[in-house]
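Novice: Pasting target03.pdb below, which is PDB, C-alpha atoms and all ligand atoms.
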ATOM      1  CA  MET C   9     -21.322 -17.171  -7.748
ATOM      2  CA  PHE C  10     -20.097 -14.114  -9.606
ATOM      3  CA  SER C  11     -22.941 -12.373 -11.257
ATOM      4  CA  LEU C  12     -20.897  -9.962 -13.323
ATOM      5  CA  LYS C  13     -19.182 -10.952 -16.534
ATOM      6  CA  LEU C  14     -16.448  -8.357 -16.561
ATOM      7  CA  SER C  15     -14.679  -5.985 -14.186
ATOM      8  CA  ILE C  16     -12.399  -3.206 -15.353
ATOM      9  CA  VAL C  17      -9.792  -2.129 -12.814
ATOM     10  CA  ILE C  18      -8.196   1.273 -13.350
ATOM     11  CA  PRO C  19      -5.544   2.813 -11.065
ATOM     12  CA  ILE C  20      -5.689   6.596 -11.090
ATOM     13  CA  TYR C  21      -2.938   8.995 -10.158
ATOM     14  CA  ASN C  22      -3.445  12.549 -11.414
ATOM     15  CA  GLU C  23      -5.375  11.597 -14.534
ATOM     16  CA  GLU C  24      -8.018  14.343 -14.668
ATOM     17  CA  GLU C  25      -7.354  14.955 -18.360
ATOM     18  CA  ASN C  26      -7.754  11.327 -19.328
ATOM     19  CA  ILE C  27     -10.646  10.048 -17.235
ATOM     20  CA  LYS C  28     -13.540  11.286 -19.410
ATOM     21  CA  ASP C  29     -12.067   9.981 -22.636
ATOM     22  CA  LEU C  30     -11.124   6.739 -21.034
ATOM     23  CA  TYR C  31     -14.556   6.231 -19.540
ATOM     24  CA  HIS C  32     -16.324   6.850 -22.848
ATOM     25  CA  ARG C  33     -14.025   4.608 -24.813
ATOM     26  CA  ILE C  34     -14.382   1.814 -22.271
ATOM     27  CA  CYS C  35     -18.184   2.071 -22.223
ATOM     28  CA  LYS C  36     -18.370   2.046 -25.994
ATOM     29  CA  THR C  37     -16.210  -1.047 -26.133
ATOM     30  CA  ILE C  38     -17.641  -2.994 -23.286
ATOM     31  CA  VAL C  39     -21.298  -2.847 -24.311
ATOM     32  CA  GLN C  40     -20.295  -4.886 -27.327
ATOM     33  CA  ILE C  41     -19.444  -7.695 -24.915
ATOM     34  CA  THR C  42     -21.958  -7.509 -22.087
ATOM     35  CA  ASP C  43     -24.047  -5.195 -19.968
ATOM     36  CA  GLN C  44     -23.058  -7.025 -16.824
ATOM     37  CA  TYR C  45     -19.905  -5.174 -16.021
ATOM     38  CA  GLU C  46     -18.379  -2.856 -13.475
ATOM     39  CA  ILE C  47     -15.700  -0.222 -13.800
ATOM     40  CA  ILE C  48     -13.631   0.230 -10.648
ATOM     41  CA  PHE C  49     -11.531   3.368 -10.380
ATOM     42  CA  ILE C  50      -8.916   3.372  -7.638
ATOM     43  CA  ASN C  51      -7.824   6.857  -6.734
ATOM     44  CA  ASP C  52      -4.237   6.496  -5.602
ATOM     45  CA  GLY C  53      -3.831   9.792  -3.782
ATOM     46  CA  SER C  54      -4.258  12.059  -6.809
ATOM     47  CA  LYS C  55      -3.574  15.722  -6.214
ATOM     48  CA  ASP C  56      -5.812  16.971  -9.024
ATOM     49  CA  LEU C  57      -9.526  16.703  -9.706
ATOM     50  CA  SER C  58      -9.439  12.989 -10.538
ATOM     51  CA  MET C  59     -11.328  11.921  -7.416
ATOM     52  CA  GLN C  60     -14.106  14.423  -8.012
ATOM     53  CA  MET C  61     -14.491  13.230 -11.587
ATOM     54  CA  ILE C  62     -14.627   9.610 -10.563
ATOM     55  CA  SER C  63     -17.278  10.128  -7.940
ATOM     56  CA  ASP C  64     -19.309  12.168 -10.427
ATOM     57  CA  LEU C  65     -19.155   9.270 -12.853
ATOM     58  CA  ALA C  66     -20.212   6.896 -10.101
ATOM     59  CA  GLU C  67     -23.220   9.104  -9.364
ATOM     60  CA  SER C  68     -24.407   9.063 -12.931
ATOM     61  CA  ASP C  69     -23.565   5.492 -13.901
ATOM     62  CA  SER C  70     -24.361   2.526 -11.681
ATOM     63  CA  HIS C  71     -21.644   0.477 -13.389
ATOM     64  CA  VAL C  72     -18.987   2.745 -11.931
ATOM     65  CA  PHE C  73     -17.369   2.198  -8.548
ATOM     66  CA  PHE C  74     -14.557   3.988  -6.827
ATOM     67  CA  ILE C  75     -12.061   3.285  -4.095
ATOM     68  CA  ASP C  76     -10.336   6.334  -2.716
ATOM     69  CA  LEU C  77      -7.075   5.367  -1.031
ATOM     70  CA  SER C  78      -5.937   7.474   1.899
ATOM     71  CA  ARG C  79      -2.704   8.484   0.112
ATOM     72  CA  ASN C  80      -0.486   7.499  -2.813
ATOM     73  CA  PHE C  81       0.321   3.810  -2.336
ATOM     74  CA  GLY C  82       1.748   3.166  -5.789
ATOM     75  CA  HIS C  83       0.409   1.634  -8.946
ATOM     76  CA  GLN C  84       0.744  -2.030  -7.986
ATOM     77  CA  ILE C  85      -1.108  -1.624  -4.725
ATOM     78  CA  ALA C  86      -3.832   0.464  -6.330
ATOM     79  CA  VAL C  87      -4.401  -2.347  -8.815
ATOM     80  CA  THR C  88      -4.435  -4.860  -5.976
ATOM     81  CA  ALA C  89      -7.124  -2.864  -4.176
ATOM     82  CA  GLY C  90      -9.199  -2.967  -7.351
ATOM     83  CA  LEU C  91      -8.708  -6.686  -7.842
ATOM     84  CA  GLU C  92      -9.756  -7.397  -4.285
ATOM     85  CA  ALA C  93     -12.972  -5.447  -4.749
ATOM     86  CA  SER C  94     -13.788  -6.838  -8.189
ATOM     87  CA  LYS C  95     -16.714  -9.167  -8.763
ATOM     88  CA  GLY C  96     -16.465 -10.090 -12.428
ATOM     89  CA  GLU C  97     -15.786 -13.539 -13.844
ATOM     90  CA  ALA C  98     -12.971 -11.897 -15.766
ATOM     91  CA  VAL C  99     -11.011  -8.801 -14.796
ATOM     92  CA  VAL C 100      -9.231  -6.359 -17.076
ATOM     93  CA  ILE C 101      -6.379  -4.291 -15.628
ATOM     94  CA  ILE C 102      -5.814  -1.156 -17.653
ATOM     95  CA  ASP C 103      -3.836   2.102 -17.266
ATOM     96  CA  ALA C 104      -5.784   5.342 -17.244
ATOM     97  CA  ASP C 105      -3.540   7.308 -19.581
ATOM     98  CA  LEU C 106      -4.940   5.707 -22.752
ATOM     99  CA  GLN C 107      -1.604   4.121 -23.528
ATOM    100  CA  ASP C 108      -3.548   0.904 -23.286
ATOM    101  CA  PRO C 109      -6.257   1.270 -25.952
ATOM    102  CA  PRO C 110      -9.592   0.216 -24.355
ATOM    103  CA  GLU C 111     -10.793  -1.115 -27.721
ATOM    104  CA  LEU C 112      -8.472  -4.079 -27.241
ATOM    105  CA  ILE C 113     -10.694  -5.370 -24.440
ATOM    106  CA  ILE C 114     -12.840  -7.119 -27.027
ATOM    107  CA  GLU C 115      -9.883  -9.044 -28.360
ATOM    108  CA  LEU C 116      -8.586  -9.793 -24.867
ATOM    109  CA  TYR C 117     -11.964 -11.089 -23.777
ATOM    110  CA  ALA C 118     -12.393 -13.254 -26.851
ATOM    111  CA  LYS C 119      -8.955 -14.768 -26.360
ATOM    112  CA  LEU C 120      -9.645 -15.492 -22.678
ATOM    113  CA  ASN C 121     -12.737 -17.400 -23.672
ATOM    114  CA  GLU C 122     -10.657 -19.664 -25.856
ATOM    115  CA  GLY C 123      -9.594 -21.269 -22.596
ATOM    116  CA  PHE C 124      -6.807 -19.134 -21.172
ATOM    117  CA  GLU C 125      -6.499 -17.859 -17.622
ATOM    118  CA  VAL C 126      -4.407 -14.822 -18.529
ATOM    119  CA  VAL C 127      -4.140 -12.849 -21.752
ATOM    120  CA  TYR C 128      -1.486 -10.119 -21.909
ATOM    121  CA  ALA C 129      -1.501  -7.187 -24.243
ATOM    122  CA  THR C 130       2.088  -6.957 -25.391
ATOM    123  CA  ARG C 131       3.373  -3.760 -26.930
ATOM    124  CA  ILE C 132       5.203  -3.998 -30.203
ATOM    125  CA  LYS C 133       6.420  -0.425 -30.219
ATOM    126  CA  ARG C 134       6.683   2.181 -27.509
ATOM    127  CA  GLU C 135       5.860   5.592 -28.798
ATOM    128  CA  GLY C 136       6.714   8.840 -27.099
ATOM    129  CA  GLU C 137       8.877   7.292 -24.450
ATOM    130  CA  GLY C 138      12.394   8.553 -24.022
ATOM    131  CA  PHE C 139      15.447   6.605 -25.079
ATOM    132  CA  PHE C 140      16.426   6.042 -21.462
ATOM    133  CA  LYS C 141      13.056   4.592 -20.494
ATOM    134  CA  LYS C 142      13.053   2.266 -23.490
ATOM    135  CA  ILE C 143      16.554   1.020 -22.832
ATOM    136  CA  THR C 144      16.063   0.538 -19.090
ATOM    137  CA  ALA C 145      12.730  -1.202 -19.602
ATOM    138  CA  LYS C 146      14.255  -3.520 -22.173
ATOM    139  CA  LEU C 147      17.254  -4.386 -19.987
ATOM    140  CA  PHE C 148      14.993  -4.935 -17.015
ATOM    141  CA  TYR C 149      12.760  -7.403 -18.827
ATOM    142  CA  LYS C 150      15.811  -9.199 -20.260
ATOM    143  CA  LEU C 151      17.313  -9.456 -16.801
ATOM    144  CA  LEU C 152      14.058 -10.682 -15.285
ATOM    145  CA  SER C 153      13.552 -13.401 -17.817
ATOM    146  CA  SER C 154      17.138 -14.555 -17.566
ATOM    147  CA  ILE C 155      17.003 -15.053 -13.808
ATOM    148  CA  THR C 156      13.637 -16.699 -13.399
ATOM    149  CA  SER C 157      12.647 -20.254 -13.984
ATOM    150  CA  PHE C 158       9.142 -19.348 -15.134
ATOM    151  CA  LYS C 159       8.284 -17.224 -18.124
ATOM    152  CA  ILE C 160       7.735 -13.508 -17.647
ATOM    153  CA  PRO C 161       6.502 -11.987 -20.883
ATOM    154  CA  VAL C 162       8.855  -9.348 -22.257
ATOM    155  CA  ASP C 163       7.596  -5.807 -22.945
ATOM    156  CA  THR C 164       4.301  -6.333 -21.219
ATOM    157  CA  GLY C 165       2.877  -3.831 -18.802
ATOM    158  CA  ASP C 166      -0.067  -4.563 -16.611
ATOM    159  CA  TYR C 167      -2.649  -4.336 -19.390
ATOM    160  CA  ARG C 168      -4.201  -7.765 -19.365
ATOM    161  CA  ILE C 169      -7.307  -9.776 -18.696
ATOM    162  CA  ILE C 170      -7.288 -12.413 -15.986
ATOM    163  CA  SER C 171      -9.819 -15.007 -14.959
ATOM    164  CA  ARG C 172     -11.625 -15.127 -11.621
ATOM    165  CA  LYS C 173      -9.485 -18.128 -10.701
ATOM    166  CA  VAL C 174      -6.313 -16.060 -11.023
ATOM    167  CA  VAL C 175      -7.815 -13.150  -9.085
ATOM    168  CA  GLU C 176      -8.735 -15.424  -6.207
ATOM    169  CA  LEU C 177      -5.228 -16.885  -6.168
ATOM    170  CA  LEU C 178      -3.662 -13.411  -6.180
ATOM    171  CA  LYS C 179      -5.758 -12.564  -3.146
ATOM    172  CA  ILE C 180      -4.049 -15.272  -1.143
ATOM    173  CA  MET C 181      -0.586 -14.015  -2.098
ATOM    174  CA  PRO C 182      -0.361 -11.150   0.355
ATOM    175  CA  GLU C 183       3.225  -9.972  -0.241
ATOM    176  CA  GLN C 184       3.794  -6.399   0.770
ATOM    177  CA  ASN C 185       6.102  -5.545  -2.134
ATOM    178  CA  LYS C 186       3.671  -6.239  -4.909
ATOM    179  CA  PHE C 187       4.933  -7.138  -8.328
ATOM    180  CA  LEU C 188       1.820  -8.344 -10.081
ATOM    181  CA  ARG C 189       3.486  -9.279 -13.351
ATOM    182  CA  GLY C 190       5.838 -11.604 -11.541
ATOM    183  CA  GLN C 191       3.099 -13.048  -9.373
ATOM    184  CA  ILE C 192       0.757 -13.696 -12.265
ATOM    185  CA  ALA C 193       3.501 -15.278 -14.346
ATOM    186  CA  TRP C 194       4.505 -17.387 -11.364
ATOM    187  CA  LEU C 195       0.966 -18.791 -11.080
ATOM    188  CA  GLY C 196       1.321 -20.628 -14.351
ATOM    189  CA  PHE C 197      -1.769 -22.054 -16.155
ATOM    190  CA  ASN C 198      -2.465 -21.291 -19.773
ATOM    191  CA  GLN C 199      -1.262 -17.780 -20.462
ATOM    192  CA  THR C 200      -1.055 -16.097 -23.824
ATOM    193  CA  GLN C 201      -0.747 -12.674 -25.402
ATOM    194  CA  ILE C 202      -2.011 -10.409 -28.121
ATOM    195  CA  TYR C 203       0.032  -7.615 -29.691
ATOM    196  CA  PHE C 204      -0.549  -3.902 -30.101
ATOM    197  CA  ASN C 205       1.291  -0.677 -30.806
ATOM    198  CA  ARG C 206       1.576   1.298 -27.618
ATOM    199  CA  PRO C 207       0.685   4.925 -28.250
ATOM    200  CA  GLU C 208       1.870   7.945 -26.302
ATOM    201  CA  ARG C 209       0.290   9.046 -23.068
ATOM    202  CA  MET C 210      -2.728  11.212 -24.002
ATOM    203  CA  HIS C 211      -2.403  13.896 -21.338
ATOM    204  CA  GLY C 212      -0.453  14.507 -18.191
ATOM    205  CA  LYS C 213       2.861  12.981 -17.372
ATOM    206  CA  SER C 214       4.042   9.589 -16.271
ATOM    207  CA  GLY C 215       3.487   8.915 -12.579
ATOM    208  CA  TYR C 216       6.570   6.749 -12.642
ATOM    209  CA  SER C 217       9.563   8.861 -11.756
ATOM    210  CA  TYR C 218      12.978   7.282 -12.205
ATOM    211  CA  SER C 219      13.195   6.573  -8.503
ATOM    212  CA  LYS C 220       9.790   4.844  -8.577
ATOM    213  CA  MET C 221      10.997   2.844 -11.574
ATOM    214  CA  LEU C 222      14.117   1.798  -9.699
ATOM    215  CA  ASN C 223      12.086   0.722  -6.681
ATOM    216  CA  PHE C 224       9.733  -1.130  -8.975
ATOM    217  CA  ALA C 225      12.653  -2.958 -10.567
ATOM    218  CA  ILE C 226      14.120  -3.866  -7.175
ATOM    219  CA  ASP C 227      10.722  -5.113  -5.990
ATOM    220  CA  GLY C 228      10.385  -7.096  -9.177
ATOM    221  CA  ILE C 229      13.690  -8.825  -8.776
ATOM    222  CA  THR C 230      13.605  -9.423  -5.039
ATOM    223  CA  SER C 231      10.021 -10.655  -5.111
ATOM    224  CA  ILE C 232      10.613 -13.437  -7.552
ATOM    225  CA  THR C 233      14.159 -14.636  -7.040
ATOM    226  CA  ASP C 234      16.972 -14.858  -4.546
ATOM    227  CA  ILE C 235      19.599 -15.167  -7.257
ATOM    228  CA  PRO C 236      21.161 -11.762  -6.386
ATOM    229  CA  LEU C 237      21.870 -13.073  -2.895
ATOM    230  CA  LYS C 238      23.512 -16.160  -4.327
ATOM    231  CA  LEU C 239      25.544 -14.062  -6.736
ATOM    232  CA  VAL C 240      26.777 -11.939  -3.872
ATOM    233  CA  THR C 241      27.851 -14.993  -1.942
ATOM    234  CA  ARG C 242      29.762 -16.301  -4.920
ATOM    235  CA  LEU C 243      31.289 -12.951  -5.659
ATOM    236  CA  GLY C 244      32.360 -12.682  -2.025
ATOM    237  CA  LEU C 245      33.933 -16.114  -2.190
ATOM    238  CA  PHE C 246      35.747 -15.314  -5.401
ATOM    239  CA  ILE C 247      37.080 -12.047  -4.048
ATOM    240  CA  SER C 248      38.243 -13.676  -0.843
ATOM    241  CA  LEU C 249      40.199 -16.220  -2.862
ATOM    242  CA  PHE C 250      41.591 -13.440  -4.978
ATOM    243  CA  SER C 251      42.682 -11.411  -1.959
ATOM    244  CA  PHE C 252      44.265 -14.529  -0.477
ATOM    245  CA  VAL C 253      46.503 -14.717  -3.533
ATOM    246  CA  VAL C 254      47.249 -11.018  -3.189
ATOM    247  CA  ILE C 255      48.208 -11.545   0.455
ATOM    248  CA  LEU C 256      50.568 -14.354  -0.490
ATOM    249  CA  TYR C 257      52.134 -12.124  -3.088
ATOM    250  CA  ALA C 258      52.470  -9.278  -0.588
ATOM    251  CA  ILE C 259      54.285 -11.528   1.878
ATOM    252  CA  TYR C 260      56.473 -12.850  -0.868
ATOM    253  CA  SER C 261      57.440  -9.403  -2.087
ATOM    254  CA  HIS C 262      58.064  -8.179   1.445
ATOM    255  CA  PHE C 263      60.349 -10.979   2.574
ATOM    256  CA  ILE C 264      61.914 -12.115  -0.666
ATOM    257  CA  LEU C 265      61.849  -9.210  -3.059
ATOM    258  CA  HIS C 266      61.987  -6.398  -0.444
ATOM    259  CA  ARG C 267      59.743  -4.253  -2.622
ATOM    260  CA  THR C 268      56.833  -3.290  -0.387
ATOM    261  CA  ILE C 269      56.470   0.409  -1.223
ATOM    262  CA  THR C 270      55.765  -0.213  -4.886
ATOM    263  CA  GLY C 271      52.616  -2.128  -3.968
ATOM    264  CA  TRP C 272      50.815   1.031  -2.930
ATOM    265  CA  THR C 273      48.792   1.518  -6.124
ATOM    266  CA  SER C 274      47.512  -2.002  -6.254
ATOM    267  CA  LEU C 275      46.703  -1.822  -2.556
ATOM    268  CA  ILE C 276      44.539   1.227  -3.024
ATOM    269  CA  ILE C 277      42.831  -0.273  -6.033
ATOM    270  CA  SER C 278      42.062  -3.552  -4.352
ATOM    271  CA  SER C 279      40.827  -2.001  -1.111
ATOM    272  CA  ALA C 280      38.556   0.345  -3.032
ATOM    273  CA  PHE C 281      37.288  -2.548  -5.099
ATOM    274  CA  ILE C 282      36.581  -4.701  -2.107
ATOM    275  CA  GLY C 283      34.943  -1.797  -0.305
ATOM    276  CA  GLY C 284      32.619  -1.323  -3.273
ATOM    277  CA  VAL C 285      31.733  -4.946  -3.490
ATOM    278  CA  GLN C 286      31.001  -5.067   0.216
ATOM    279  CA  LEU C 287      28.682  -2.098   0.068
ATOM    280  CA  PHE C 288      26.888  -3.549  -2.922
ATOM    281  CA  SER C 289      26.485  -6.894  -1.204
ATOM    282  CA  LEU C 290      25.241  -5.306   1.977
ATOM    283  CA  GLY C 291      22.753  -3.331  -0.067
ATOM    284  CA  ILE C 292      21.351  -6.429  -1.702
ATOM    285  CA  ILE C 293      21.097  -8.252   1.595
ATOM    286  CA  GLY C 294      19.443  -5.166   3.056
ATOM    287  CA  GLU C 295      16.798  -5.243   0.330
ATOM    288  CA  TYR C 296      15.782  -8.752   1.277
ATOM    289  CA  ILE C 297      15.836  -7.969   4.974
ATOM    290  CA  SER C 298      13.605  -4.968   4.491
ATOM    291  CA  ARG C 299      11.174  -7.145   2.547
ATOM    292  CA  MET C 300      11.148  -9.655   5.377
ATOM    293  CA  ASN C 301      10.652  -6.872   7.853
ATOM    294  CA  ARG C 302       7.683  -5.472   5.990
ATOM    295  CA  ASN C 303       6.094  -8.862   5.648
ATOM    296  CA  ILE C 304       6.573  -9.566   9.337
ATOM    297  CA  LEU C 305       4.796  -6.334  10.221
ATOM    298  CA  LYS C 306       1.723  -7.596   8.329
ATOM    299  CA  ARG C 307       0.338  -4.143   7.806
ATOM    300  CA  PRO C 308      -2.649  -3.885   5.512
ATOM    301  CA  LEU C 309      -1.480  -3.179   1.983
ATOM    302  CA  TYR C 310      -3.553  -0.038   1.689
ATOM    303  CA  ILE C 311      -5.996   2.128   3.586
ATOM    304  CA  VAL C 312      -9.306   3.082   2.055
ATOM    305  CA  ASN C 313     -10.544   6.595   2.680
ATOM    306  CA  LYS C 314     -13.954   6.108   1.106
ATOM    307  CA  THR C 315     -15.651   3.880  -1.434
ATOM    308  CA  ASN C 316     -19.084   3.290  -2.884
ATOM    309  CA  ILE C 317     -18.564  -0.448  -3.100
ATOM    310  CA  GLY C 318     -20.729  -2.534  -0.869
ATOM    311  CA  SER C 319     -22.983   0.345   0.067
TER     312      SER C 319
HETATM  313  N1  LIG U 401      -0.536   5.186 -11.167
HETATM  314  C1  LIG U 401      -0.987   4.982  -9.855
HETATM  315  N2  LIG U 401      -0.152   5.302  -8.816
HETATM  316  C2  LIG U 401       1.118   5.790  -9.003
HETATM  317  C3  LIG U 401       1.576   5.949 -10.339
HETATM  318  C4  LIG U 401       0.734   5.632 -11.390
HETATM  319  O1  LIG U 401      -2.106   4.546  -9.644
HETATM  320  O2  LIG U 401       1.808   6.061  -8.014
HETATM  321  C5  LIG U 401      -1.424   4.831 -12.292
HETATM  322  C6  LIG U 401      -1.557   5.886 -13.374
HETATM  323  O3  LIG U 401      -2.612   6.777 -13.115
HETATM  324  C7  LIG U 401      -1.833   5.055 -14.604
HETATM  325  C8  LIG U 401      -1.049   3.766 -14.339
HETATM  326  O4  LIG U 401      -0.865   3.719 -12.925
HETATM  327  O5  LIG U 401      -3.189   4.710 -14.730
HETATM  328  C9  LIG U 401       0.280   3.719 -15.061
HETATM  329  O6  LIG U 401       1.043   4.835 -14.688
HETATM  330  P1  LIG U 401       1.945   5.659 -15.710
HETATM  331  O7  LIG U 401       1.231   5.881 -16.992
HETATM  332  O8  LIG U 401       2.389   6.872 -14.971
HETATM  333  O9  LIG U 401       3.147   4.654 -15.913
HETATM  334  P2  LIG U 401       3.989   4.405 -17.269
HETATM  335  O10 LIG U 401       3.001   4.123 -18.348
HETATM  336  O11 LIG U 401       4.759   5.646 -17.483
HETATM  337  O12 LIG U 401       4.844   3.226 -16.922
HETATM  338 MG    MG U 402       1.545   5.292 -18.918
END
What do you get writing this file as structure tokens?
Specialist:
Amino acid sequence: MFSLKLSIVIPIYNEEENIKDLYHRICKTIVQITDQYEIIFINDGSKDLSMQMISDLAESDSHVFFIDLSRNFGHQIAVTAGLEASKGEAVVIIDADLQDPPELIIELYAKLNEGFEVVYATRIKREGEGFFKKITAKLFYKLLSSITSFKIPVDTGDYRIISRKVVELLKIMPEQNKFLRGQIAWLGFNQTQIYFNRPERMHGKSGYSYSKMLNFAIDGITSITDIPLKLVTRLGLFISLFSFVVILYAIYSHFILHRTITGWTSLIISSAFIGGVQLFSLGIIGEYISRMNRNILKRPLYIVNKTNIGS
């Protein structure tokens, strides 16, 4: 059914300095595997010359396709757009900034053919990333794997190869808040990994600001588990019990000890504490409600401005 052996899906957000290099390295690598391949660039609302470069490549090379999204929809959705358009029996998802060395595709492909549905490229070392990013990423992956019942590989980005079977299954998981790593891990099957040293970004700067990273982390957690909601419920219960004891004590000290004024400090502390917990809990509940809301709206995940696929 699928005539192509391999699709390469590349999300692009302001990558004008990397596209040429990336394209050449991918071509050099991929011809060692097959000549039945396609490279799909998804322009995710870049503000630089990326789109121009991609359509130039598409003009000169019939293996190259582009999808130009109508604005910046975010990395996960850009990748999703690429997956939905892909036609290969196997699909590689790779970042454009050359932090994911294209040469690894050979190894990924070989491993997939050993009978796996998903092969991750796991980074051993993160070079050129700040202390804060390393620490937060590490904590995030630790947290994720401790709260899920299925295995999410630690320290793995989206660089991976997946089989057609997995792509087709992802297509029928239409969540609005995409978290592909979680979804792919959730699918199960035989998944494995290979290791590599992650180099620095070649050019440009990370499209993931801290606020995007935070949103990404919240999407990740809320899309795969409702444990935070349960925690909040338990915390609420615990605090209610605790305040019940405090109330008893307050009554006791008022009627028996006649020492009500001295309780002021503890009163302030406990009301502030409870206020904080309530806000936090409301926030978590709000996250889930907003997810439900988005999913109820059933908007398309992305809007395509123009593409050369299917023409
Ligand atoms: N990217 C995207 N949309 C965005 C942000 C990033 O398509 O809103 C692309 C980007 O061009 C790159 C990949 O997603 O190909 C990974 O982004 P980045 O390198 O900025 O993330 P990091 O490696 O810092 O996590
Ligand atoms: Mg990067």
Novice: Taking the file as shown, what set of residues would the PyMOL selection byres (((chain C and resi 15-18) around 9) and not hetatm) give back, as a count of residues only?
Specialist: 30
Novice: Name every residue that the PyMOL selection byres (((chain C and resi 37) around 12) and not hetatm) selects in this structure, writing the answer as a list in words with chains first and numbers rising.
Specialist: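 This file gives the following for the PyMOL selection byres (((chain C and resi 37) around 12) and not hetatm): Ile16, Leu30, Tyr31, His32, Arg33, Ile34, Cys35, Lys36, Ile38, Val39, Gln40, Ile41, Thr42, Asp43, Tyr45, Pro109, Pro110, Glu111, Leu112, Ile113, Ile114, Glu115, Leu116 and Tyr117 of chain C.
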Novice: Check every protein, DNA and RNA residue against ligand MG 402 (chain U), keep those with an atom at most 7 Å away (counting all atoms listed in the file), and present them as a ChimeraX atom specification.
Specialist: /C:103,105,107,209,214
Novice: Please evaluate the PyMOL selection byres (((chain C and resi 178-184) around 9) and not hetatm) against the structure above and give the resulting residues as a ChimeraX atom specification.
Specialist: /C:85,88,91-92,173-177,185-188,191-192,195,231,299,302-303,306-309
Novice: Would you please work out which residue, of C:Ile247, C:Leu77, C:Ala93, C:Leu65, is nearest to ligand LIG 401 (chain U) when using only C-alpha atoms and all ligand atoms?
Specialist: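 The shortest atom-to-atom distance to ligand LIG 401 (chain U) comes from C:Leu77.
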Novice: Could you tell me which of C:Lys213, C:Ser58, C:Ser68, C:Ile75 comes closest to ligand LIG 401 (chain U) if we count all atoms listed in the file?
Specialist: C:Lys213
Novice: What does the distance between CA of His211 (chain C) and CA of Glu24 (chain C) come to in Å, to one decimal place?
Specialist: 8.7 Å
Novice: What does the distance between CA of Ser54 (chain C) and CA of Asn80 (chain C) come to in Å, to one decimal place?
Specialist: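 According to the coordinates, CA of Ser54 (chain C) and CA of Asn80 (chain C) are separated by 7.1 Å.
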Novice: Please define a box with edges along x, y and z of the file around all atoms of ligand LIG 401 (chain U) given in the file, extend it by 3 Å on each side, and return its centre and edge lengths in Å to one decimal, as JSON.
Specialist:
{"center_x": 0.8, "center_y": 5.0, "center_z": -13.2, "size_x": 14.0, "size_y": 9.6, "size_z": 16.3}
Novice: My list of candidates is C:Ile304, C:Leu265, C:Met59, C:Ile292. Which is closest to ligand LIG 401 (chain U) when distances are computed with only C-alpha atoms and all ligand atoms?
Specialist: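 Of C:Ile304, C:Leu265, C:Met59, C:Ile292, the one nearest ligand LIG 401 (chain U) is C:Met59, counting only C-alpha atoms and all ligand atoms.
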Novice: Can you tell me which residues surround Tyr128 (chain C) at a distance of at most 8 Å, considering all atoms listed in the file, apart from same-chain residues fewer than 2 positions away, and format the answer as a list in words?
Specialist: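 Listing them by chain and then by number gives Leu116, Val126, Thr130, Thr164, Asp166, Tyr167, Arg168, Ile169, Gln199, Thr200, Gln201 and Ile202 of chain C.
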Novice: Kindly add N, CA, C and O atoms to the incomplete region 70-78 of chain C and provide the output as a tab-separated table (two decimals), keeping the file's coordinate frame.
Specialist:
chain	number	residue	atom	x	y	z
C	70	SER	N	-24.40	3.53	-12.75
C	70	SER	CA	-24.36	2.53	-11.68
C	70	SER	C	-23.34	1.42	-11.95
C	70	SER	O	-23.12	0.55	-11.11
C	71	HIS	N	-22.71	1.45	-13.12
C	71	HIS	CA	-21.64	0.48	-13.39
C	71	HIS	C	-20.32	0.92	-12.77
C	71	HIS	O	-19.38	0.16	-12.75
C	72	VAL	N	-20.27	2.18	-12.36
C	72	VAL	CA	-18.99	2.74	-11.93
C	72	VAL	C	-18.84	2.71	-10.41
C	72	VAL	O	-19.73	3.12	-9.68
C	73	PHE	N	-17.69	2.22	-9.97
C	73	PHE	CA	-17.37	2.20	-8.55
C	73	PHE	C	-16.04	2.89	-8.32
C	73	PHE	O	-15.23	2.99	-9.23
C	74	PHE	N	-15.86	3.39	-7.11
C	74	PHE	CA	-14.56	3.99	-6.83
C	74	PHE	C	-14.04	3.53	-5.48
C	74	PHE	O	-14.79	3.15	-4.58
C	75	ILE	N	-12.71	3.51	-5.38
C	75	ILE	CA	-12.06	3.28	-4.10
C	75	ILE	C	-11.09	4.44	-3.96
C	75	ILE	O	-10.24	4.63	-4.83
C	76	ASP	N	-11.24	5.21	-2.91
C	76	ASP	CA	-10.34	6.33	-2.72
C	76	ASP	C	-9.33	5.96	-1.64
C	76	ASP	O	-9.69	5.85	-0.47
C	77	LEU	N	-8.09	5.74	-2.02
C	77	LEU	CA	-7.08	5.37	-1.03
C	77	LEU	C	-6.68	6.60	-0.22
C	77	LEU	O	-6.79	7.73	-0.70
C	78	SER	N	-6.19	6.36	0.99
C	78	SER	CA	-5.94	7.47	1.90
C	78	SER	C	-4.72	8.30	1.49
C	78	SER	O	-4.54	9.42	1.96
